[in-house]
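Q: My questions will all concern the structure given below.
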Amino acid sequence: MNNCQVSTGLPLAAAALIVCLALATLVSGAPRRSKKEPDVEPLIPSDDWRRLGEPKPGDWLYVFDEPGQTFAEYKRELKNRKSDRRDKIYVVPIGELDRKHPDLLKSSVRYFSIFFDCEVVQLDPRPLPRSTYNAKRGQYDAGAALDKLLLPLVRERKDALAMIGLTSEDLYHGTLNFVFGVGSHRDRVGLQSVYRFYRWIPKGKDRDRVALVRTLKTGSHEIGHILGMSHCTFYECVMNGSNSLDESDRRPLFLCPVCMSKLEWNTGLDRLARYRKLRDFFKQCKLKGDEAFCKRRAEELEKLKASSTE
Ligand SMILES: [Zn+2]
Ligand SMILES: [Zn+2]
């Protein structure tokens, strides 16, 4: 189980709730590095795979002492595995998201279906319950929104492997002054906000493209948690914890060799087909660096396949 939890006192068990990509109000502690070593090596060595260095002050691993999770541990601990009976990811547009950012929603649905090799079902838009709004803060309570809106929806759908809500409203949680996403492995549900993704745009960058990358990154990270993946402490990886938007922006969109093995084991996906589809997706989105990464992975897998059949 992931251990970046926040005590909420809400019906959604605190121990089950994972808070991600949040700016902690208390930034303290000393840098601690996991003693665990990765138990999966890259299929082919490449400069694309970079081990995580020492965390800098303010980074997630500087603030939160997380042990990491090996592939062997994942297989032992997993409680949410794709099956014939439970094989869909549900996406729920919340609030104004589908009207404000229709292209973002469409791209997210397509991306999650490729990334997780699952059918993705988009539900009708829903408003955030008024009772989850905190007028003093001008924000919605993420834990309460999960409880009141998303938990009843996911419980009605017995074929739900995961459910993720996307909202354009600003979220907070517990003592954290805002959160980009929260997720629960036990309850198969998560929620992410794109509110701040459109506000802090690095100078000279395309606003919509930056927000798209951030949304794909946070959404796949949250769904990864719902599928039982803890924060990655081994490589630069989309499953790294992030304590700020700056740290999140530094992280890649991709799963490292260890986390890739976890997802493959969970869903039974075809790596080569997945990388080819991701390559085409990034080409369409004009994300050249990400397209090139997927092209390299697909070429590696093609070579491995060819050499094994020689
Ligand atoms: Zn996380
Ligand atoms: Zn990883």
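Chain labels run A, B, ... following the order of the structure tokens; each chain numbers its residues from 1, and ligands are numbered from 1 in the order shown.
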Report as a PDB file with N, CA and C atoms, in the first residue's frame which protein, DNA and RNA residues come within 8 Å of ligand 2, using only C-alpha atoms and all ligand atoms.
A:
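Saved result, selection.pdb, follows:
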```
ATOM      1  N   HIS A 231       4.027   4.763  -5.449  1.00  0.00           N
ATOM      2  CA  HIS A 231       4.969   5.692  -6.071  1.00  0.00           C
ATOM      3  C   HIS A 231       6.282   4.981  -6.388  1.00  0.00           C
ATOM      4  N   CYS A 232       6.794   5.279  -7.563  1.00  0.00           N
ATOM      5  CA  CYS A 232       8.033   4.641  -8.008  1.00  0.00           C
ATOM      6  C   CYS A 232       9.225   5.382  -7.397  1.00  0.00           C
ATOM      7  N   THR A 233      10.134   4.611  -6.817  1.00  0.00           N
ATOM      8  CA  THR A 233      11.342   5.199  -6.206  1.00  0.00           C
ATOM      9  C   THR A 233      12.602   4.752  -6.936  1.00  0.00           C
ATOM     10  N   PHE A 234      12.430   4.056  -8.062  1.00  0.00           N
ATOM     11  CA  PHE A 234      13.584   3.461  -8.757  1.00  0.00           C
ATOM     12  C   PHE A 234      14.107   4.330  -9.905  1.00  0.00           C
ATOM     13  N   TYR A 235      13.199   4.616 -10.842  1.00  0.00           N
ATOM     14  CA  TYR A 235      13.568   5.326 -12.067  1.00  0.00           C
ATOM     15  C   TYR A 235      12.758   6.618 -12.177  1.00  0.00           C
ATOM     16  N   GLU A 236      13.144   7.473 -13.123  1.00  0.00           N
ATOM     17  CA  GLU A 236      12.256   8.561 -13.536  1.00  0.00           C
ATOM     18  C   GLU A 236      11.089   7.898 -14.240  1.00  0.00           C
ATOM     19  N   CYS A 237       9.871   8.199 -13.780  1.00  0.00           N
ATOM     20  CA  CYS A 237       8.718   7.370 -14.141  1.00  0.00           C
ATOM     21  C   CYS A 237       7.449   8.171 -13.874  1.00  0.00           C
ATOM     22  N   VAL A 238       6.401   7.891 -14.626  1.00  0.00           N
ATOM     23  CA  VAL A 238       5.148   8.613 -14.391  1.00  0.00           C
ATOM     24  C   VAL A 238       4.566   8.297 -13.007  1.00  0.00           C
ATOM     25  N   MET A 239       5.029   7.195 -12.390  1.00  0.00           N
ATOM     26  CA  MET A 239       4.520   6.854 -11.056  1.00  0.00           C
ATOM     27  C   MET A 239       5.358   7.478  -9.926  1.00  0.00           C
ATOM     28  N   ASN A 240       6.301   8.348 -10.253  1.00  0.00           N
ATOM     29  CA  ASN A 240       7.001   9.107  -9.197  1.00  0.00           C
ATOM     30  C   ASN A 240       6.002  10.012  -8.474  1.00  0.00           C
ATOM     31  N   LEU A 255       6.002   4.796 -18.073  1.00  0.00           N
ATOM     32  CA  LEU A 255       6.291   3.852 -17.001  1.00  0.00           C
ATOM     33  C   LEU A 255       7.717   3.338 -17.169  1.00  0.00           C
ATOM     34  N   CYS A 256       8.437   3.221 -16.063  1.00  0.00           N
ATOM     35  CA  CYS A 256       9.795   2.666 -16.089  1.00  0.00           C
ATOM     36  C   CYS A 256       9.695   1.138 -16.267  1.00  0.00           C
ATOM     37  N   PRO A 257      10.830   0.449 -16.429  1.00  0.00           N
ATOM     38  CA  PRO A 257      10.768  -1.011 -16.622  1.00  0.00           C
ATOM     39  C   PRO A 257      10.036  -1.752 -15.494  1.00  0.00           C
ATOM     40  N   VAL A 258      10.212  -1.306 -14.243  1.00  0.00           N
ATOM     41  CA  VAL A 258       9.550  -2.005 -13.129  1.00  0.00           C
ATOM     42  C   VAL A 258       8.031  -1.794 -13.208  1.00  0.00           C
ATOM     43  N   CYS A 259       7.624  -0.524 -13.371  1.00  0.00           N
ATOM     44  CA  CYS A 259       6.178  -0.217 -13.376  1.00  0.00           C
ATOM     45  C   CYS A 259       5.514  -0.758 -14.644  1.00  0.00           C
ATOM     46  N   MET A 260       6.253  -0.801 -15.740  1.00  0.00           N
ATOM     47  CA  MET A 260       5.719  -1.388 -16.973  1.00  0.00           C
ATOM     48  C   MET A 260       5.413  -2.873 -16.762  1.00  0.00           C
TER      49      MET A 260
END
```
Q: With a cut-off of 6 Å, could you pull out the residues of range 73-185 of chain A touching range 263-273 of chain A and give me the nearest pair of atoms for each, distance in Å to one decimal, using only C-alpha atoms, ordered by chain and ascending number, as CSV?
A:
```
residue,atom,partner,partner_atom,distance
A:Arg81,CA,A:Asn266,CA,5.3
A:Lys82,CA,A:Thr267,CA,5.2
A:Asp117,CA,A:Leu269,CA,5.9
```
Q: Using C-alpha atoms, can you export the residues from the last selection as a PDB file, in the first residue's frame?
A:
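Contents of selection-v6.pdb, freshly written:
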```pdb
ATOM      1  CA  ARG A  81      -6.482  -7.067 -11.393  1.00  0.00           C
ATOM      2  CA  LYS A  82      -8.098  -6.854 -14.822  1.00  0.00           C
ATOM      3  CA  ASP A 117      -5.048  -1.296 -22.923  1.00  0.00           C
TER       4      ASP A 117
END
```
Q: Can you tell me which residues surround range 151-162 of chain A at a distance of at most 6 Å, considering only C-alpha atoms, apart from same-chain residues fewer than 4 positions away, and format the answer as number ranges by chain?
A: A: 85-89, 146-147, 188-189
Q: Within 7 Å of His173 in chain A, counting only C-alpha atoms, which residues show up once you throw out same-chain ones fewer than 2 positions away? Write them as a list of chain:residue names, please.
A: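 Non-adjacent residues within range: A:Asp141, A:Ala142, A:Gly143, A:Leu171, A:Thr175, A:Leu176, A:Phe178, A:Val179.
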Q: Pull N, CA and C atoms from the residues just selected and write them as a PDB file, in the first residue's frame.
A:
```pdb
ATOM      1  N   ASP A 141     -13.669  19.949  -1.599  1.00  0.00           N
ATOM      2  CA  ASP A 141     -12.981  18.938  -0.802  1.00  0.00           C
ATOM      3  C   ASP A 141     -12.898  17.643  -1.621  1.00  0.00           C
ATOM      4  N   ALA A 142     -11.677  17.266  -2.004  1.00  0.00           N
ATOM      5  CA  ALA A 142     -11.501  16.114  -2.904  1.00  0.00           C
ATOM      6  C   ALA A 142     -12.001  14.809  -2.273  1.00  0.00           C
ATOM      7  N   GLY A 143     -11.692  14.600  -0.978  1.00  0.00           N
ATOM      8  CA  GLY A 143     -12.114  13.360  -0.311  1.00  0.00           C
ATOM      9  C   GLY A 143     -13.626  13.255  -0.247  1.00  0.00           C
ATOM     10  N   LEU A 171      -9.314  21.769  -6.170  1.00  0.00           N
ATOM     11  CA  LEU A 171      -9.536  20.811  -5.085  1.00  0.00           C
ATOM     12  C   LEU A 171      -8.529  21.018  -3.957  1.00  0.00           C
ATOM     13  N   THR A 175      -5.005  18.791   5.210  1.00  0.00           N
ATOM     14  CA  THR A 175      -4.141  19.941   5.516  1.00  0.00           C
ATOM     15  C   THR A 175      -3.406  20.450   4.278  1.00  0.00           C
ATOM     16  N   LEU A 176      -3.649  19.838   3.138  1.00  0.00           N
ATOM     17  CA  LEU A 176      -2.965  20.253   1.910  1.00  0.00           C
ATOM     18  C   LEU A 176      -3.735  21.406   1.274  1.00  0.00           C
ATOM     19  N   PHE A 178      -3.825  22.485  -1.746  1.00  0.00           N
ATOM     20  CA  PHE A 178      -4.533  22.037  -2.938  1.00  0.00           C
ATOM     21  C   PHE A 178      -4.005  20.673  -3.332  1.00  0.00           C
ATOM     22  N   VAL A 179      -4.784  19.972  -4.127  1.00  0.00           N
ATOM     23  CA  VAL A 179      -4.314  18.698  -4.681  1.00  0.00           C
ATOM     24  C   VAL A 179      -4.666  18.650  -6.165  1.00  0.00           C
TER      25      VAL A 179
END
```
Q: What are the DSSP alpha helix (DSSP H) residues of range 81-258 of chain A, as a ChimeraX atom specification?
A: /A:97-100,102-115,142-145,151-156,207-226,245-250,257-258
Q: Considering only C-alpha atoms, can you say which of A:Gly204, A:Leu43, A:Ser83, A:Val91 comes closest to Lys305 in chain A?
A: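 With only C-alpha atoms as the atom set, the closest residue is A:Leu43.
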Q: Excluding range 290-293 of chain A and residues on its chain fewer than 2 positions from it, collect all residues at most 8 Å away from it, counting only C-alpha atoms, and give them as a PyMOL selection string.
A: chain A and resi 48+253+278-283+287-288+295-297
Q: Convert the current residue selection to file output with C-alpha atoms, as a PDB file, in the first residue's frame.
A:
```
ATOM      1  CA  ASP A  48      16.054   6.726 -21.772  1.00  0.00           C
ATOM      2  CA  LEU A 253       4.784  10.440 -19.163  1.00  0.00           C
ATOM      3  CA  LEU A 278       1.150   5.663 -28.134  1.00  0.00           C
ATOM      4  CA  ARG A 279       3.638   6.742 -30.816  1.00  0.00           C
ATOM      5  CA  ASP A 280       0.740   7.542 -33.186  1.00  0.00           C
ATOM      6  CA  PHE A 281      -1.189   9.313 -30.422  1.00  0.00           C
ATOM      7  CA  PHE A 282       1.757  11.595 -29.598  1.00  0.00           C
ATOM      8  CA  LYS A 283       2.333  12.298 -33.275  1.00  0.00           C
ATOM      9  CA  LEU A 287       4.419  15.868 -28.787  1.00  0.00           C
ATOM     10  CA  LYS A 288       7.607  15.043 -30.662  1.00  0.00           C
ATOM     11  CA  LYS A 295       9.198   4.892 -31.543  1.00  0.00           C
ATOM     12  CA  ARG A 296      12.471   3.790 -29.898  1.00  0.00           C
ATOM     13  CA  ARG A 297      10.658   1.359 -27.601  1.00  0.00           C
TER      14      ARG A 297
END
```
Q: Tell me which of A:Ser193, A:Thr309, A:Asn243, A:Gln284 sits closest to ligand 1, counting only C-alpha atoms and all ligand atoms.
A: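 Closest candidate: A:Asn243.
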Q: Please list as a PyMOL selection string every residue within 7 Å of Leu191 in chain A, counting only C-alpha atoms and excluding residues in the same chain fewer than 3 positions away.
A: chain A and resi 146+164-166+181-183
Q: What parts of range 67-224 of chain A does DSSP call strand (DSSP E or B)? I'd like the answer as number ranges by chain.
A: A: 88-94, 119-122, 126, 133-134, 139-141, 160-167, 171-173, 176-184, 189-193
Q: Between CA of Arg209 in chain A and CA of Phe197 in chain A, measure the distance and give it in Å to one decimal.
A: 10.2 Å
Q: CA of Pro102 in chain A and CA of Gly241 in chain A, how far apart in Å?
A: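 Atom-to-atom, CA of Gly241 in chain A to CA of Pro102 in chain A, that is 27.7 Å.
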